[in-house]
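Student: Below are the structure tokens for one structure; questions will follow.
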Amino acid sequence: DERKKLFRGGNYSQYVQVNGVTLPMILIIIDNVSAFIEKTEEAYVDDLVMLSKEGVSHGIYLLLTGATVGAADIPSRAAENIKTFITTEMSDKYAYGDVLHTIAFDVVPEANIKGRGLAYYGNRILEYQTALACEAEDDYQRIKKIDDLCQDMRANWTKKKARPIPEIPEKPVWSEFSELEDYERALEDKRYLPVGYNAENASIFSVDLSETYCYLVTGLPRSGKKNYMKVMVQSALRRGGQIHVFDSEAKSLKMFE
């Protein structure tokens with residue numbers, strides 16, 4: 001919706017030609033679509049269909065994997081809008097044809113070879129062999145090597161990081177919360193005081209100061225009231241606000257003195 005408003009009827013390519021790459025291309029990857037649909041109770045099927053139809057013109061691309069096209073896997077309504085299909089081994093020529101939208105090909109991949117399949121090369125359908133990401137004795141060790149490489153890259157990357165997928169950490173901590181790009185963006189607007197995560201979509205939740213003059217925090221003992229107040233104070237301090245604290249006899253907020 002943000003991009004539709006920004007492009008004003010144009011598309012991503014036209015916007016980049018005029019403004020440069022000020023907006024990133026977005027690639028949404030979903031491995032095993034049927035499991036994703038099942039675990040999310042079909043909540044995002046309509047979004048997938050919409051993105052498959054309108055995403056490309058707005059610089060948003062889908063990469064989906066599944067066993068087949070149909071009600072139990074990659075939704076047919078989305079598959080109709082997807083231009084590129086790559087298959088690995090399937091049961092027979094007709095199964096390949098269902099995915100590739102044609103049976104006008106002579107080659108069928110050799111069976112029982114991992115990574116072997118059919119793909120479009122221009123207007124022709126050819127057999128191909130997927131390369132391994134790295135050499136290892138088995139899939140477990142291969143995934144471990146890839147994971148170690150990613151962790152090493154993350155530890156040594158000094159420039160701005162890619163925007164992460166919004167999620168609420170199992171144990172949220174201030175140091176990670178205050179480094180989020182959306183947190184910094186919320187601080188730039190004097191109207192909002194960012195204090196936590198929205199439980200529905202993991203976005204940043206902020207107190208709207210334009211409508212809030214007194215704010216009451218209630219809860220059972222040891223339910224997090226003081227911690228919540230500390231977060232509010234931290235955000236106000238980050239913005240350069242003037243803080244006045246009326247503490248209890250326990251002086252639990254003395255850290256801000």
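Please note that chains go A, B, ... in the order of the structure tokens, that every chain numbers its residues from 1, and that ligands are numbered from 1 in the order shown.
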According to DSSP computed on the backbone, where in stretch 62-215 of chain A is there strand (DSSP E or B)? Give the residues as a ChimeraX atom specification.
Tutor: /A:62-64,69,74,86-87,116-121,124-129,192-197,204-208
Student: Which residues, written as a list in words, have at least one atom at most 10 Å from A:Ile113, with only C-alpha atoms counted and residues fewer than 4 positions away on the same chain left out?
Tutor: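 Near neighbours after the sequence-gap exclusion: Thr88, Glu89, Pro109, Gly117 and Gln129 of chain A.
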Student: Skip A:Asp98 itself and residues of its chain fewer than 6 positions away, then list as a ChimeraX atom specification all residues within 12 Å of it, counting only C-alpha atoms.
Tutor: /A:67-70,76,79-80,85,87,90-92,104
Student: Which residues come within 12 Å of A:Ile82, counting only C-alpha atoms, excluding same-chain residues fewer than 3 positions away, as a list in words?
Tutor: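 Contacts, in chain order: Leu48, Val49, Met50, Leu51, Ser52, Lys53, Glu54, Gly55, Val56, Tyr61, Leu62, Leu63, Leu64, Val69, Ile74, Pro75, Ser76, Arg77, Ala78, Ala79, Phe85, Ile86, Val99, Leu100 and His101 of chain A.
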Student: With N, CA and C atoms kept, could you save the residues just selected as a PDB file, in the first residue's frame?
Tutor:
ATOM      1  N   LEU A  48      -0.774 -13.776  -0.537  1.00  0.00           N
ATOM      2  CA  LEU A  48       0.109 -14.414  -1.507  1.00  0.00           C
ATOM      3  C   LEU A  48      -0.412 -14.222  -2.929  1.00  0.00           C
ATOM      4  N   VAL A  49      -1.709 -14.407  -3.097  1.00  0.00           N
ATOM      5  CA  VAL A  49      -2.319 -14.237  -4.418  1.00  0.00           C
ATOM      6  C   VAL A  49      -2.158 -12.796  -4.890  1.00  0.00           C
ATOM      7  N   MET A  50      -2.419 -11.847  -3.989  1.00  0.00           N
ATOM      8  CA  MET A  50      -2.291 -10.433  -4.338  1.00  0.00           C
ATOM      9  C   MET A  50      -0.853 -10.076  -4.715  1.00  0.00           C
ATOM     10  N   LEU A  51       0.122 -10.588  -3.929  1.00  0.00           N
ATOM     11  CA  LEU A  51       1.523 -10.298  -4.223  1.00  0.00           C
ATOM     12  C   LEU A  51       1.974 -10.939  -5.533  1.00  0.00           C
ATOM     13  N   SER A  52       1.459 -12.143  -5.819  1.00  0.00           N
ATOM     14  CA  SER A  52       1.827 -12.801  -7.074  1.00  0.00           C
ATOM     15  C   SER A  52       1.312 -12.014  -8.278  1.00  0.00           C
ATOM     16  N   LYS A  53       0.224 -11.283  -8.085  1.00  0.00           N
ATOM     17  CA  LYS A  53      -0.390 -10.533  -9.172  1.00  0.00           C
ATOM     18  C   LYS A  53       0.175  -9.115  -9.287  1.00  0.00           C
ATOM     19  N   GLU A  54       0.368  -8.443  -8.146  1.00  0.00           N
ATOM     20  CA  GLU A  54       0.744  -7.034  -8.172  1.00  0.00           C
ATOM     21  C   GLU A  54       2.157  -6.754  -7.669  1.00  0.00           C
ATOM     22  N   GLY A  55       2.810  -7.768  -7.060  1.00  0.00           N
ATOM     23  CA  GLY A  55       4.090  -7.522  -6.409  1.00  0.00           C
ATOM     24  C   GLY A  55       5.192  -7.059  -7.342  1.00  0.00           C
ATOM     25  N   VAL A  56       5.333  -7.716  -8.507  1.00  0.00           N
ATOM     26  CA  VAL A  56       6.454  -7.416  -9.396  1.00  0.00           C
ATOM     27  C   VAL A  56       6.469  -5.946  -9.800  1.00  0.00           C
ATOM     28  N   TYR A  61       8.972  -9.484  -4.940  1.00  0.00           N
ATOM     29  CA  TYR A  61       9.026 -10.750  -5.668  1.00  0.00           C
ATOM     30  C   TYR A  61       8.827 -11.927  -4.708  1.00  0.00           C
ATOM     31  N   LEU A  62       8.270 -13.007  -5.243  1.00  0.00           N
ATOM     32  CA  LEU A  62       8.024 -14.219  -4.455  1.00  0.00           C
ATOM     33  C   LEU A  62       8.917 -15.355  -4.943  1.00  0.00           C
ATOM     34  N   LEU A  63       9.469 -16.094  -4.002  1.00  0.00           N
ATOM     35  CA  LEU A  63      10.165 -17.347  -4.299  1.00  0.00           C
ATOM     36  C   LEU A  63       9.528 -18.412  -3.419  1.00  0.00           C
ATOM     37  N   LEU A  64       8.768 -19.326  -4.032  1.00  0.00           N
ATOM     38  CA  LEU A  64       8.005 -20.324  -3.297  1.00  0.00           C
ATOM     39  C   LEU A  64       8.477 -21.725  -3.658  1.00  0.00           C
ATOM     40  N   VAL A  69       1.252 -27.810  -7.663  1.00  0.00           N
ATOM     41  CA  VAL A  69       0.326 -26.674  -7.705  1.00  0.00           C
ATOM     42  C   VAL A  69      -1.072 -27.201  -7.444  1.00  0.00           C
ATOM     43  N   ILE A  74       0.965 -25.087  -3.439  1.00  0.00           N
ATOM     44  CA  ILE A  74       1.020 -23.721  -3.967  1.00  0.00           C
ATOM     45  C   ILE A  74      -0.349 -23.377  -4.548  1.00  0.00           C
ATOM     46  N   PRO A  75      -1.032 -22.344  -4.012  1.00  0.00           N
ATOM     47  CA  PRO A  75      -2.388 -22.045  -4.472  1.00  0.00           C
ATOM     48  C   PRO A  75      -2.448 -21.800  -5.976  1.00  0.00           C
ATOM     49  N   SER A  76      -3.430 -22.394  -6.641  1.00  0.00           N
ATOM     50  CA  SER A  76      -3.569 -22.241  -8.090  1.00  0.00           C
ATOM     51  C   SER A  76      -3.747 -20.779  -8.478  1.00  0.00           C
ATOM     52  N   ARG A  77      -4.469 -20.023  -7.642  1.00  0.00           N
ATOM     53  CA  ARG A  77      -4.702 -18.602  -7.960  1.00  0.00           C
ATOM     54  C   ARG A  77      -3.408 -17.821  -7.984  1.00  0.00           C
ATOM     55  N   ALA A  78      -2.439 -18.217  -7.141  1.00  0.00           N
ATOM     56  CA  ALA A  78      -1.133 -17.558  -7.148  1.00  0.00           C
ATOM     57  C   ALA A  78      -0.273 -18.084  -8.298  1.00  0.00           C
ATOM     58  N   ALA A  79      -0.324 -19.403  -8.532  1.00  0.00           N
ATOM     59  CA  ALA A  79       0.496 -20.014  -9.574  1.00  0.00           C
ATOM     60  C   ALA A  79       0.170 -19.452 -10.953  1.00  0.00           C
ATOM     61  N   PHE A  85       8.851 -21.136 -13.455  1.00  0.00           N
ATOM     62  CA  PHE A  85       8.768 -22.375 -12.683  1.00  0.00           C
ATOM     63  C   PHE A  85      10.026 -23.201 -12.917  1.00  0.00           C
ATOM     64  N   ILE A  86      10.566 -23.757 -11.855  1.00  0.00           N
ATOM     65  CA  ILE A  86      11.698 -24.671 -11.935  1.00  0.00           C
ATOM     66  C   ILE A  86      11.288 -25.945 -11.201  1.00  0.00           C
ATOM     67  N   VAL A  99       2.990 -28.233 -14.030  1.00  0.00           N
ATOM     68  CA  VAL A  99       3.724 -27.113 -13.441  1.00  0.00           C
ATOM     69  C   VAL A  99       4.253 -26.165 -14.516  1.00  0.00           C
ATOM     70  N   LEU A 100       4.773 -26.739 -15.602  1.00  0.00           N
ATOM     71  CA  LEU A 100       5.377 -25.924 -16.654  1.00  0.00           C
ATOM     72  C   LEU A 100       4.358 -25.400 -17.663  1.00  0.00           C
ATOM     73  N   HIS A 101       3.104 -25.777 -17.504  1.00  0.00           N
ATOM     74  CA  HIS A 101       1.994 -25.317 -18.356  1.00  0.00           C
ATOM     75  C   HIS A 101       2.136 -25.758 -19.814  1.00  0.00           C
TER      76      HIS A 101
END
Student: Using only C-alpha atoms, find each residue of stretch 121-166 of chain A with at least one atom at most 12 Å away from an atom of stretch 12-35 of chain A; report its shortest atom-to-atom pair and that distance in Å (one decimal), sort the rows by chain and rising residue number, and return the result as a Markdown table.
Tutor:
| residue | atom | partner | partner_atom | distance |
| --- | --- | --- | --- | --- |
| A:Ala162 | CA | A:Pro24 | CA | 9.8 |
| A:Arg163 | CA | A:Pro24 | CA | 10.1 |
| A:Pro164 | CA | A:Ile26 | CA | 11.7 |
| A:Ile165 | CA | A:Ile28 | CA | 10.1 |
Student: Please give the complete set of residues from stretch 19-191 of chain A that DSSP, run on the backbone, assigns to alpha helix (DSSP H), formatted as a PyMOL selection string.
Tutor: chain A and resi 19+33-39+45-54+76-79+93-100+139-156+174-177+181-188
Student: Residues at most 10 Å from A:Ser178, counting only C-alpha atoms, excluding those fewer than 3 positions away in the same chain, as a ChimeraX atom specification?
Tutor: /A:173-175,181-184,187,194-196,231,234-235,238
Student: Go ahead and write the selection's residues with N, CA and C atoms as an mmCIF file, in the first residue's frame.
Tutor:
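Listing of again.cif after writing:
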data_model
loop_
_atom_site.group_PDB
_atom_site.id
_atom_site.type_symbol
_atom_site.label_atom_id
_atom_site.label_comp_id
_atom_site.auth_asym_id
_atom_site.auth_seq_id
_atom_site.Cartn_x
_atom_site.Cartn_y
_atom_site.Cartn_z
ATOM 1 N N VAL A 173 14.974 -7.736 24.849
ATOM 2 C CA VAL A 173 15.885 -6.931 25.664
ATOM 3 C C VAL A 173 16.016 -5.550 25.042
ATOM 4 N N TRP A 174 16.298 -4.572 25.883
ATOM 5 C CA TRP A 174 16.364 -3.181 25.446
ATOM 6 C C TRP A 174 17.419 -2.969 24.370
ATOM 7 N N SER A 175 18.588 -3.582 24.510
ATOM 8 C CA SER A 175 19.682 -3.341 23.576
ATOM 9 C C SER A 175 19.294 -3.695 22.142
ATOM 10 N N GLU A 181 15.475 -0.462 13.241
ATOM 11 C CA GLU A 181 15.290 0.685 12.352
ATOM 12 C C GLU A 181 13.941 1.364 12.596
ATOM 13 N N ASP A 182 12.891 0.559 12.840
ATOM 14 C CA ASP A 182 11.566 1.126 13.085
ATOM 15 C C ASP A 182 11.523 1.886 14.405
ATOM 16 N N TYR A 183 12.337 1.467 15.373
ATOM 17 C CA TYR A 183 12.420 2.193 16.643
ATOM 18 C C TYR A 183 12.997 3.592 16.407
ATOM 19 N N GLU A 184 14.088 3.657 15.646
ATOM 20 C CA GLU A 184 14.703 4.944 15.342
ATOM 21 C C GLU A 184 13.737 5.831 14.573
ATOM 22 N N LEU A 187 11.225 7.328 16.912
ATOM 23 C CA LEU A 187 11.798 8.397 17.743
ATOM 24 C C LEU A 187 11.882 9.720 17.000
ATOM 25 N N PRO A 194 8.194 5.228 21.495
ATOM 26 C CA PRO A 194 8.221 3.766 21.312
ATOM 27 C C PRO A 194 8.543 3.042 22.614
ATOM 28 N N VAL A 195 7.735 2.029 22.945
ATOM 29 C CA VAL A 195 7.902 1.354 24.237
ATOM 30 C C VAL A 195 7.888 -0.173 24.143
ATOM 31 N N GLY A 196 7.550 -0.754 22.977
ATOM 32 C CA GLY A 196 7.484 -2.212 22.918
ATOM 33 C C GLY A 196 7.043 -2.718 21.566
ATOM 34 N N VAL A 231 11.648 1.473 30.301
ATOM 35 C CA VAL A 231 11.691 1.570 28.841
ATOM 36 C C VAL A 231 11.181 2.926 28.382
ATOM 37 N N GLN A 234 13.875 5.425 29.083
ATOM 38 C CA GLN A 234 14.990 5.266 28.141
ATOM 39 C C GLN A 234 14.672 5.914 26.798
ATOM 40 N N SER A 235 13.445 5.681 26.300
ATOM 41 C CA SER A 235 13.064 6.264 25.011
ATOM 42 C C SER A 235 13.016 7.781 25.092
ATOM 43 N N ARG A 238 16.523 9.061 25.040
ATOM 44 C CA ARG A 238 17.116 8.978 23.697
ATOM 45 C C ARG A 238 16.694 10.174 22.846
#
